$ cat final-v3.cif   # mmCIF, C-alpha atoms
data_start
loop_
_atom_site.group_PDB
_atom_site.id
_atom_site.type_symbol
_atom_site.label_atom_id
_atom_site.label_comp_id
_atom_site.auth_asym_id
_atom_site.auth_seq_id
_atom_site.Cartn_x
_atom_site.Cartn_y
_atom_site.Cartn_z
ATOM 1 C CA MET D 1 -7.760 -40.991 5.335
ATOM 2 C CA HIS D 2 -6.122 -39.130 8.220
ATOM 3 C CA LYS D 3 -3.418 -37.905 5.839
ATOM 4 C CA LEU D 4 -6.041 -36.481 3.496
ATOM 5 C CA LEU D 5 -7.766 -34.795 6.420
ATOM 6 C CA HIS D 6 -4.525 -33.166 7.547
ATOM 7 C CA GLU D 7 -3.727 -32.025 3.998
ATOM 8 C CA ARG D 8 -7.212 -30.572 3.572
ATOM 9 C CA ARG D 9 -6.978 -28.820 6.943
ATOM 10 C CA GLU D 10 -3.716 -27.225 5.898
ATOM 11 C CA GLN D 11 -5.301 -26.031 2.625
ATOM 12 C CA LEU D 12 -8.205 -24.438 4.487
ATOM 13 C CA GLN D 13 -5.913 -22.839 7.043
ATOM 14 C CA GLN D 14 -3.830 -21.329 4.256
ATOM 15 C CA LEU D 15 -6.994 -20.033 2.577
ATOM 16 C CA LEU D 16 -8.187 -18.335 5.756
ATOM 17 C CA LYS D 17 -4.725 -17.018 6.567
ATOM 18 C CA GLY D 18 -4.299 -15.497 3.110
ATOM 19 C CA PHE D 19 -7.759 -13.943 2.980
ATOM 20 C CA GLN D 20 -7.742 -10.162 3.165
ATOM 21 C CA ARG D 21 -10.887 -8.220 3.923
ATOM 22 C CA LYS D 22 -11.595 -5.478 1.414
ATOM 23 C CA ASN D 23 -13.499 -2.234 1.711
ATOM 24 C CA TYR D 24 -16.660 -3.290 -0.093
ATOM 25 C CA PRO D 25 -19.791 -1.106 -0.260
ATOM 26 C CA LYS D 26 -22.622 -1.785 2.187
ATOM 27 C CA GLY D 27 -26.092 -2.922 1.310
ATOM 28 C CA VAL D 28 -27.978 -5.969 0.067
ATOM 29 C CA LEU D 29 -27.790 -6.915 -3.591
ATOM 30 C CA LYS D 30 -30.828 -8.247 -5.471
ATOM 31 C CA ILE D 31 -30.723 -9.541 -9.022
ATOM 32 C CA ASN D 32 -33.728 -9.916 -11.280
ATOM 33 C CA GLN D 33 -33.767 -11.361 -14.766
ATOM 34 C CA ARG D 34 -36.531 -10.603 -17.265
ATOM 35 C CA ASN D 35 -36.510 -11.438 -20.949
ATOM 36 C CA GLN D 36 -32.841 -12.380 -20.856
ATOM 37 C CA LYS D 37 -31.959 -9.035 -19.328
ATOM 38 C CA VAL D 38 -30.417 -8.723 -15.892
ATOM 39 C CA TYR D 39 -31.348 -5.931 -13.468
ATOM 40 C CA TYR D 40 -29.478 -5.072 -10.291
ATOM 41 C CA TYR D 41 -30.936 -3.489 -7.174
ATOM 42 C CA VAL D 42 -29.455 -2.486 -3.854
ATOM 43 C CA ARG D 43 -31.078 -1.813 -0.516
ATOM 44 C CA LYS D 44 -29.070 -0.046 2.148
ATOM 45 C CA GLU D 45 -29.392 -0.727 5.857
ATOM 46 C CA GLY D 46 -32.470 0.873 7.387
ATOM 47 C CA GLU D 47 -34.171 1.381 4.049
ATOM 48 C CA LYS D 48 -37.184 -0.532 2.733
ATOM 49 C CA ALA D 49 -37.084 0.418 -0.928
ATOM 50 C CA TRP D 50 -34.784 -1.145 -3.482
ATOM 51 C CA ALA D 51 -32.709 1.257 -5.549
ATOM 52 C CA TYR D 52 -32.120 0.313 -9.175
ATOM 53 C CA LEU D 53 -28.500 0.304 -10.252
ATOM 54 C CA LYS D 54 -27.943 1.803 -13.667
ATOM 55 C CA ARG D 55 -25.522 0.349 -16.166
ATOM 56 C CA SER D 56 -22.993 2.955 -15.076
ATOM 57 C CA GLN D 57 -23.335 1.576 -11.520
ATOM 58 C CA GLU D 58 -22.641 -2.069 -12.396
ATOM 59 C CA GLU D 59 -19.264 -1.825 -10.671
ATOM 60 C CA THR D 60 -21.143 -1.401 -7.384
ATOM 61 C CA ALA D 61 -23.165 -4.541 -8.161
ATOM 62 C CA ARG D 62 -19.969 -6.409 -8.979
ATOM 63 C CA LYS D 63 -18.369 -5.422 -5.671
ATOM 64 C CA LEU D 64 -21.447 -6.433 -3.701
ATOM 65 C CA ALA D 65 -21.612 -9.805 -5.490
ATOM 66 C CA GLN D 66 -17.890 -10.372 -4.895
ATOM 67 C CA ARG D 67 -18.326 -9.484 -1.217
ATOM 68 C CA ASP D 68 -21.163 -11.976 -0.809
ATOM 69 C CA TYR D 69 -19.219 -14.686 -2.641
ATOM 70 C CA GLU D 70 -16.111 -14.249 -0.501
ATOM 71 C CA LYS D 71 -18.205 -14.171 2.665
ATOM 72 C CA GLU D 72 -19.801 -17.504 1.737
ATOM 73 C CA VAL D 73 -16.447 -19.080 0.839
ATOM 74 C CA ILE D 74 -14.993 -18.088 4.219
ATOM 75 C CA ARG D 75 -18.076 -19.305 6.054
ATOM 76 C CA ARG D 76 -17.932 -22.693 4.312
ATOM 77 C CA ALA D 77 -14.178 -22.989 4.853
ATOM 78 C CA LYS D 78 -14.556 -22.325 8.594
ATOM 79 C CA GLU D 79 -17.427 -24.801 8.760
ATOM 80 C CA GLU D 80 -15.392 -27.515 7.009
ATOM 81 C CA LEU D 81 -12.330 -26.755 9.125
ATOM 82 C CA SER D 82 -14.374 -27.140 12.299
ATOM 83 C CA TYR D 83 -15.648 -30.520 11.078
ATOM 84 C CA ILE D 84 -12.118 -31.697 10.200
ATOM 85 C CA ASP D 85 -10.823 -30.614 13.611
ATOM 86 C CA GLN D 86 -13.507 -32.730 15.271
ATOM 87 C CA CYS D 87 -12.577 -35.734 13.112
ATOM 88 C CA VAL D 88 -8.863 -35.310 13.817
ATOM 89 C CA LYS D 89 -9.497 -35.197 17.556
ATOM 90 C CA LYS D 90 -11.443 -38.448 17.341
ATOM 91 C CA GLU D 91 -9.102 -40.273 14.953
ATOM 92 C CA THR D 92 -7.520 -43.417 16.280
ATOM 93 C CA LYS D 93 -3.806 -43.390 16.971
ATOM 94 C CA ILE D 94 -3.450 -47.065 16.071
ATOM 95 C CA LYS D 95 -4.517 -48.235 12.616
ATOM 96 C CA ALA D 96 -5.749 -51.740 11.917
ATOM 97 C CA GLU D 97 -2.575 -52.347 9.930
ATOM 98 C CA ASP D 98 -0.461 -51.582 13.011
ATOM 99 C CA VAL D 99 -2.081 -54.100 15.377
ATOM 100 C CA TYR D 100 0.189 -57.008 14.397
ATOM 101 C CA ASP D 101 3.365 -54.926 14.744
ATOM 102 C CA ARG D 102 2.380 -53.991 18.303
ATOM 103 C CA LEU D 103 1.887 -57.573 19.463
ATOM 104 C CA PRO D 104 4.464 -59.087 21.845
ATOM 105 C CA SER D 105 6.899 -61.379 20.034
ATOM 106 C CA GLY D 106 5.475 -64.485 21.717
ATOM 107 C CA ARG D 107 1.958 -63.684 20.524
ATOM 108 C CA LYS D 108 3.180 -62.820 17.034
ATOM 109 C CA ARG D 109 4.335 -66.415 16.604
ATOM 110 C CA LEU D 110 0.758 -67.591 17.085
ATOM 111 C CA VAL D 111 -0.902 -65.060 14.788
ATOM 112 C CA THR D 112 -1.275 -64.908 11.012
ATOM 113 C CA PRO D 113 -1.765 -61.242 10.060
ATOM 114 C CA ILE D 114 -4.788 -60.401 7.921
ATOM 115 C CA VAL D 115 -3.718 -56.811 7.202
ATOM 116 C CA PHE D 116 -0.177 -55.521 6.785
ATOM 117 C CA SER D 117 1.448 -52.271 7.802
ATOM 118 C CA ASP D 118 3.508 -50.298 5.310
ATOM 119 C CA GLU D 119 6.647 -51.477 7.082
ATOM 120 C CA MET D 120 5.627 -55.133 6.728
ATOM 121 C CA ILE D 121 4.749 -54.725 3.048
ATOM 122 C CA ILE D 122 8.084 -53.060 2.306
ATOM 123 C CA ALA D 123 10.043 -55.581 4.378
ATOM 124 C CA ASN D 124 8.353 -58.554 2.674
ATOM 125 C CA TRP D 125 9.054 -57.023 -0.728
ATOM 126 C CA GLN D 126 12.671 -56.298 0.153
ATOM 127 C CA ASN D 127 13.210 -59.869 1.366
ATOM 128 C CA GLN D 128 12.174 -61.436 -1.945
ATOM 129 C CA THR D 129 14.822 -63.661 -3.471
ATOM 130 C CA TYR D 130 15.599 -63.761 -7.165
ATOM 131 C CA GLU D 131 18.254 -64.837 -9.637
ATOM 132 C CA ARG D 132 20.648 -62.068 -10.600
ATOM 133 C CA LYS D 133 22.768 -61.805 -13.716
ATOM 134 C CA ASP D 134 26.280 -63.143 -13.525
ATOM 135 C CA PHE D 135 29.340 -60.926 -13.798
ATOM 136 C CA PRO D 136 31.712 -61.961 -16.592
ATOM 137 C CA GLU D 137 35.141 -63.061 -15.467
ATOM 138 C CA GLY D 138 37.462 -60.113 -15.186
ATOM 139 C CA TYR D 139 34.625 -57.588 -15.140
ATOM 140 C CA PRO D 140 35.494 -54.383 -13.203
ATOM 141 C CA GLU D 141 34.312 -54.513 -9.614
ATOM 142 C CA PHE D 142 32.188 -51.758 -8.085
ATOM 143 C CA TYR D 143 30.478 -51.992 -4.716
ATOM 144 C CA THR D 144 27.831 -50.016 -2.890
ATOM 145 C CA ARG D 145 28.276 -48.827 0.683
ATOM 146 C CA LYS D 146 26.409 -51.906 1.928
ATOM 147 C CA GLY D 147 28.717 -54.211 -0.028
ATOM 148 C CA GLU D 148 26.469 -55.042 -2.987
ATOM 149 C CA ARG D 149 28.299 -55.523 -6.264
ATOM 150 C CA VAL D 150 27.076 -53.470 -9.230
ATOM 151 C CA ARG D 151 28.356 -52.870 -12.742
ATOM 152 C CA SER D 152 29.487 -49.250 -12.635
ATOM 153 C CA LYS D 153 30.416 -46.354 -10.399
ATOM 154 C CA SER D 154 27.202 -44.565 -11.408
ATOM 155 C CA GLU D 155 25.073 -47.544 -10.396
ATOM 156 C CA ALA D 156 26.849 -47.535 -7.025
ATOM 157 C CA LEU D 157 25.945 -43.856 -6.636
ATOM 158 C CA ILE D 158 22.299 -44.587 -7.439
ATOM 159 C CA ALA D 159 22.153 -47.535 -5.058
ATOM 160 C CA ASP D 160 23.789 -45.571 -2.243
ATOM 161 C CA GLU D 161 21.337 -42.681 -2.613
ATOM 162 C CA LEU D 162 18.350 -45.038 -2.661
ATOM 163 C CA GLU D 163 19.718 -46.680 0.469
ATOM 164 C CA ARG D 164 20.329 -43.314 2.134
ATOM 165 C CA ARG D 165 16.732 -42.273 1.417
ATOM 166 C CA GLY D 166 15.414 -45.508 2.902
ATOM 167 C CA LEU D 167 13.880 -46.640 -0.402
ATOM 168 C CA ALA D 168 13.515 -50.378 -0.942
ATOM 169 C CA TYR D 169 15.066 -51.599 -4.189
ATOM 170 C CA HIS D 170 16.295 -54.733 -5.964
ATOM 171 C CA TYR D 171 19.324 -54.720 -8.248
ATOM 172 C CA GLU D 172 18.899 -56.469 -11.615
ATOM 173 C CA LYS D 173 15.736 -58.262 -10.527
ATOM 174 C CA PRO D 174 14.267 -60.232 -13.469
ATOM 175 C CA LEU D 175 11.252 -58.780 -15.241
ATOM 176 C CA TRP D 176 9.451 -61.220 -17.531
ATOM 177 C CA ILE D 177 7.763 -59.750 -20.602
ATOM 178 C CA GLU D 178 6.092 -62.101 -23.086
ATOM 179 C CA GLY D 179 8.377 -64.951 -22.100
ATOM 180 C CA ARG D 180 11.539 -62.878 -22.329
ATOM 181 C CA ARG D 181 13.591 -61.991 -19.268
ATOM 182 C CA PHE D 182 14.782 -58.430 -18.746
ATOM 183 C CA HIS D 183 17.001 -57.188 -15.937
ATOM 184 C CA PRO D 184 16.281 -53.520 -15.173
ATOM 185 C CA ASP D 185 19.175 -51.982 -13.285
ATOM 186 C CA PHE D 186 16.992 -51.160 -10.296
ATOM 187 C CA THR D 187 13.453 -52.105 -9.346
ATOM 188 C CA VAL D 188 12.345 -49.541 -6.772
ATOM 189 C CA LEU D 189 9.236 -49.801 -4.599
ATOM 190 C CA HIS D 190 7.341 -46.547 -4.132
ATOM 191 C CA PRO D 191 6.964 -46.183 -0.349
ATOM 192 C CA LYS D 192 3.442 -44.725 -0.534
ATOM 193 C CA THR D 193 1.738 -46.380 -3.501
ATOM 194 C CA LYS D 194 3.762 -49.651 -3.328
ATOM 195 C CA LYS D 195 4.125 -49.466 -7.095
ATOM 196 C CA GLU D 196 7.264 -50.851 -8.704
ATOM 197 C CA PHE D 197 9.380 -48.510 -10.817
ATOM 198 C CA PHE D 198 12.158 -49.749 -13.105
ATOM 199 C CA TRP D 199 15.226 -47.515 -13.122
ATOM 200 C CA GLU D 200 17.468 -47.960 -16.127
ATOM 201 C CA HIS D 201 20.765 -46.103 -16.221
ATOM 202 C CA LEU D 202 22.271 -45.763 -19.682
ATOM 203 C CA GLY D 203 25.958 -45.434 -18.980
ATOM 204 C CA MET D 204 27.444 -45.754 -22.479
ATOM 205 C CA MET D 205 25.532 -43.273 -24.599
ATOM 206 C CA ASP D 206 28.691 -42.659 -26.661
ATOM 207 C CA SER D 207 28.286 -46.124 -28.178
ATOM 208 C CA GLN D 208 25.860 -46.388 -31.102
ATOM 209 C CA GLU D 209 25.495 -50.135 -30.594
ATOM 210 C CA TYR D 210 24.715 -49.647 -26.905
ATOM 211 C CA VAL D 211 22.078 -46.990 -27.705
ATOM 212 C CA ALA D 212 20.498 -49.181 -30.392
ATOM 213 C CA ASN D 213 20.219 -52.106 -27.964
ATOM 214 C CA ALA D 214 18.723 -49.852 -25.286
ATOM 215 C CA LEU D 215 16.121 -48.444 -27.690
ATOM 216 C CA SER D 216 15.191 -51.940 -28.821
ATOM 217 C CA ARG D 217 14.746 -53.006 -25.201
ATOM 218 C CA PHE D 218 12.609 -49.977 -24.403
ATOM 219 C CA ALA D 219 10.457 -50.598 -27.482
ATOM 220 C CA LYS D 220 9.673 -54.142 -26.312
ATOM 221 C CA MET D 221 8.891 -52.905 -22.818
ATOM 222 C CA GLU D 222 6.685 -50.139 -24.194
ATOM 223 C CA ASP D 223 4.731 -52.645 -26.290
ATOM 224 C CA ALA D 224 3.976 -54.477 -23.043
ATOM 225 C CA GLY D 225 2.720 -51.299 -21.364
ATOM 226 C CA TYR D 226 5.903 -50.276 -19.549
ATOM 227 C CA LEU D 227 6.335 -46.645 -20.576
ATOM 228 C CA ILE D 228 9.292 -44.340 -20.041
ATOM 229 C CA GLY D 229 8.298 -42.050 -17.187
ATOM 230 C CA ASP D 230 5.781 -44.508 -15.756
ATOM 231 C CA PRO D 231 6.979 -46.952 -14.638
ATOM 232 C CA ILE D 232 10.388 -46.739 -16.350
ATOM 233 C CA ILE D 233 12.869 -44.192 -15.011
ATOM 234 C CA VAL D 234 15.814 -43.362 -17.257
ATOM 235 C CA THR D 235 19.071 -41.640 -16.450
ATOM 236 C CA TRP D 236 22.035 -41.457 -18.808
ATOM 237 C CA GLU D 237 25.604 -40.309 -19.205
ATOM 238 C CA THR D 238 28.385 -39.957 -21.727
ATOM 239 C CA SER D 239 32.129 -39.643 -21.278
ATOM 240 C CA MET D 240 31.719 -35.857 -21.465
ATOM 241 C CA HIS D 241 28.594 -35.720 -19.267
ATOM 242 C CA PRO D 242 28.922 -38.195 -16.399
ATOM 243 C CA LEU D 243 26.084 -38.837 -13.976
ATOM 244 C CA ASP D 244 26.397 -36.879 -10.740
ATOM 245 C CA SER D 245 24.751 -37.068 -7.325
ATOM 246 C CA GLY D 246 22.682 -33.947 -8.006
ATOM 247 C CA ARG D 247 20.868 -35.534 -10.950
ATOM 248 C CA ILE D 248 20.310 -38.709 -8.964
ATOM 249 C CA ALA D 249 18.777 -36.729 -6.100
ATOM 250 C CA LYS D 250 16.496 -34.771 -8.452
ATOM 251 C CA THR D 251 15.340 -38.005 -10.109
ATOM 252 C CA ILE D 252 14.464 -39.555 -6.754
ATOM 253 C CA ASP D 253 12.679 -36.389 -5.638
ATOM 254 C CA ARG D 254 10.612 -36.385 -8.833
ATOM 255 C CA PHE D 255 9.419 -39.971 -8.641
ATOM 256 C CA PHE D 256 9.444 -40.854 -4.943
ATOM 257 C CA ALA D 257 8.881 -37.671 -2.942
#
$ encode --input "final-v3.cif" --output "structure tokens"
Amino acid sequence: MHKLLHERREQLQQLLKGFQRKNYPKGVLKINQRNQKVYYYVRKEGEKAWAYLKRSQEETARKLAQRDYEKEVIRRAKEELSYIDQCVKKETKIKAEDVYDRLPSGRKRLVTPIVFSDEMIIANWQNQTYERKDFPEGYPEFYTRKGERVRSKSEALIADELERRGLAYHYEKPLWIEGRRFHPDFTVLHPKTKKEFFWEHLGMMDSQEYVANALSRFAKMEDAGYLIGDPIIVTWETSMHPLDSGRIAKTIDRFFA
């Protein structure tokens, strides 16, 4: 909630900062409607009588209406901003989810947490164990910076960038769909929503057989509700168009910023 309040406060501050006062005409606008016809009247300061605005004077009515609208928008924005400022001042610095993390280690041993901080959720997810695919004998060896073996140089680049960004991921974690086991290259946990995304890198797009197998796999995943773009992320390369760090960074920015 506090994040939403801060975002809304920034929106209102930008609105007020960008507002420019215009040289609108003076006077009070009155609008009457009779028999589906609209009539505009204006009364200037110090006068009691209302002056009818002819059709040729509708621009004056428009300016007065625009002035009143903008004045009300600014008034409401300032009112809401004042309320948000009061809420922000009163907001607690320690969330319920943070209480367990702040306990001394000796007390933590005695306590079973009932709510979990983002850090605990991510750590518990990252610490899951699972059965990975085997590497065939003689298969080329590629390693990430943290020493994890992967199947290609491009996968090492992806893993290293995920690690550098502090994003929790599993490599080739099993995904069961209708009794069949799939092994997406990377299962990545979104740090805010805690949703799992499945990153598949297609590294042999020059091979027709490889492409056919990939399309068949995606079709089965799509039938089960796993769609490309959400939650499946796809990157690709050919011998002429290898994957580079720039594309990896843009992909991470798009899905996990």
$ closest_residue --input "final-v3.cif" --among "D:Leu15, D:Met240, D:Ile248, D:Ala49" --to "Met205 in chain D" --atoms "all atoms listed in the file"
D:Met240
$ resolve_selection --input "final-v3.cif" --expression "the PyMOL selection byres ((chain D and resi 178) around 12)" --output "PDB file with C-alpha atoms, in the coordinates of the input"
ATOM      1  CA  LEU D 175      11.252 -58.780 -15.241  1.00  0.00           C
ATOM      2  CA  TRP D 176       9.451 -61.220 -17.531  1.00  0.00           C
ATOM      3  CA  ILE D 177       7.763 -59.750 -20.602  1.00  0.00           C
ATOM      4  CA  GLY D 179       8.377 -64.951 -22.100  1.00  0.00           C
ATOM      5  CA  ARG D 180      11.539 -62.878 -22.329  1.00  0.00           C
ATOM      6  CA  ARG D 181      13.591 -61.991 -19.268  1.00  0.00           C
ATOM      7  CA  PHE D 182      14.782 -58.430 -18.746  1.00  0.00           C
ATOM      8  CA  LYS D 220       9.673 -54.142 -26.312  1.00  0.00           C
ATOM      9  CA  MET D 221       8.891 -52.905 -22.818  1.00  0.00           C
ATOM     10  CA  ASP D 223       4.731 -52.645 -26.290  1.00  0.00           C
ATOM     11  CA  ALA D 224       3.976 -54.477 -23.043  1.00  0.00           C
ATOM     12  CA  GLY D 225       2.720 -51.299 -21.364  1.00  0.00           C
TER      13      GLY D 225
END
$ closest_residue --input "final-v3.cif" --among "D:Arg62, D:Lys17, D:His190, D:Arg151" --to "Arg165 in chain D" --atoms "all atoms listed in the file"
D:His190
$ resolve_selection --input "final-v3.cif" --expression "the PyMOL selection byres ((chain D and resi 141-148) around 10)" --output "ChimeraX atom specification"
/D:135,138-140,149-161,163-164,171
$ residues_near_point --input "final-v3.cif" --point "(15.8, -45.6, -21.4)" --cutoff "7 Å" --atoms "only C-alpha atoms" --output "PDB file with C-alpha atoms, in the frame of the given file"
ATOM      1  CA  GLU D 200      17.468 -47.960 -16.127  1.00  0.00           C
ATOM      2  CA  LEU D 202      22.271 -45.763 -19.682  1.00  0.00           C
ATOM      3  CA  ALA D 214      18.723 -49.852 -25.286  1.00  0.00           C
ATOM      4  CA  LEU D 215      16.121 -48.444 -27.690  1.00  0.00           C
ATOM      5  CA  PHE D 218      12.609 -49.977 -24.403  1.00  0.00           C
ATOM      6  CA  ILE D 228       9.292 -44.340 -20.041  1.00  0.00           C
ATOM      7  CA  VAL D 234      15.814 -43.362 -17.257  1.00  0.00           C
TER       8      VAL D 234
END
$ closest_residue --input "final-v3.cif" --among "D:Tyr52, D:Asp185, D:Ala249, D:Glu70" --to "Phe19 in chain D" --atoms "only C-alpha atoms"
D:Glu70
$ build_atoms --input "final-v3.cif" --residues "range 223-252 of chain D" --atoms "N, CA and C atoms" --output "compact mmCIF listing (two decimals), in the frame of the given file"
# COMPACT_ATOMS: atom_id res chain seq x y z
N ASP D 223 5.80 -51.84 -25.69
CA ASP D 223 4.73 -52.64 -26.29
C ASP D 223 3.95 -53.41 -25.23
N ALA D 224 4.62 -53.73 -24.13
CA ALA D 224 3.98 -54.48 -23.04
C ALA D 224 3.34 -53.55 -22.01
N GLY D 225 3.36 -52.24 -22.27
CA GLY D 225 2.72 -51.30 -21.36
C GLY D 225 3.64 -50.64 -20.36
N TYR D 226 4.94 -50.90 -20.46
CA TYR D 226 5.90 -50.28 -19.55
C TYR D 226 6.47 -49.04 -20.25
N LEU D 227 5.99 -47.87 -19.87
CA LEU D 227 6.34 -46.64 -20.58
C LEU D 227 7.44 -45.89 -19.86
N ILE D 228 8.26 -45.20 -20.63
CA ILE D 228 9.29 -44.34 -20.04
C ILE D 228 8.60 -43.21 -19.29
N GLY D 229 8.94 -43.04 -18.05
CA GLY D 229 8.30 -42.05 -17.19
C GLY D 229 7.33 -42.68 -16.22
N ASP D 230 6.71 -43.79 -16.63
CA ASP D 230 5.78 -44.51 -15.76
C ASP D 230 5.52 -45.88 -16.35
N PRO D 231 6.19 -46.91 -15.86
CA PRO D 231 6.98 -46.95 -14.64
C PRO D 231 8.49 -46.98 -14.86
N ILE D 232 8.95 -46.67 -16.08
CA ILE D 232 10.39 -46.74 -16.35
C ILE D 232 11.04 -45.38 -16.08
N ILE D 233 12.06 -45.38 -15.28
CA ILE D 233 12.87 -44.19 -15.01
C ILE D 233 14.19 -44.35 -15.78
N VAL D 234 14.59 -43.29 -16.46
CA VAL D 234 15.81 -43.36 -17.26
C VAL D 234 16.76 -42.24 -16.86
N THR D 235 17.98 -42.61 -16.55
CA THR D 235 19.07 -41.64 -16.45
C THR D 235 20.15 -42.06 -17.44
N TRP D 236 21.05 -41.15 -17.78
CA TRP D 236 22.04 -41.46 -18.81
C TRP D 236 23.31 -40.67 -18.55
N GLU D 237 24.35 -41.06 -19.26
CA GLU D 237 25.60 -40.31 -19.20
C GLU D 237 26.45 -40.63 -20.43
N THR D 238 27.36 -39.74 -20.71
CA THR D 238 28.38 -39.96 -21.73
C THR D 238 29.74 -39.70 -21.08
N SER D 239 30.80 -39.91 -21.83
CA SER D 239 32.13 -39.64 -21.28
C SER D 239 32.31 -38.16 -20.96
N MET D 240 31.62 -37.29 -21.69
CA MET D 240 31.72 -35.86 -21.46
C MET D 240 30.71 -35.36 -20.44
N HIS D 241 29.65 -36.13 -20.20
CA HIS D 241 28.59 -35.72 -19.27
C HIS D 241 28.28 -36.87 -18.31
N PRO D 242 29.15 -37.09 -17.34
CA PRO D 242 28.92 -38.20 -16.40
C PRO D 242 27.75 -37.90 -15.47
N LEU D 243 27.17 -38.97 -14.95
CA LEU D 243 26.08 -38.84 -13.98
C LEU D 243 26.65 -38.31 -12.66
N ASP D 244 25.93 -37.39 -12.03
CA ASP D 244 26.40 -36.88 -10.74
C ASP D 244 25.31 -37.04 -9.69
N SER D 245 25.68 -36.85 -8.43
CA SER D 245 24.75 -37.07 -7.32
C SER D 245 23.57 -36.11 -7.36
N GLY D 246 23.78 -34.91 -7.92
CA GLY D 246 22.68 -33.95 -8.01
C GLY D 246 21.56 -34.44 -8.89
N ARG D 247 21.89 -35.01 -10.04
CA ARG D 247 20.87 -35.53 -10.95
C ARG D 247 20.17 -36.74 -10.35
N ILE D 248 20.92 -37.55 -9.63
CA ILE D 248 20.31 -38.71 -8.96
C ILE D 248 19.29 -38.23 -7.94
N ALA D 249 19.67 -37.24 -7.13
CA ALA D 249 18.78 -36.73 -6.10
C ALA D 249 17.51 -36.13 -6.71
N LYS D 250 17.66 -35.37 -7.80
CA LYS D 250 16.50 -34.77 -8.45
C LYS D 250 15.57 -35.85 -9.03
N THR D 251 16.16 -36.91 -9.56
CA THR D 251 15.34 -38.01 -10.11
C THR D 251 14.54 -38.67 -9.00
N ILE D 252 15.17 -38.93 -7.88
CA ILE D 252 14.46 -39.56 -6.75
C ILE D 252 13.38 -38.63 -6.22
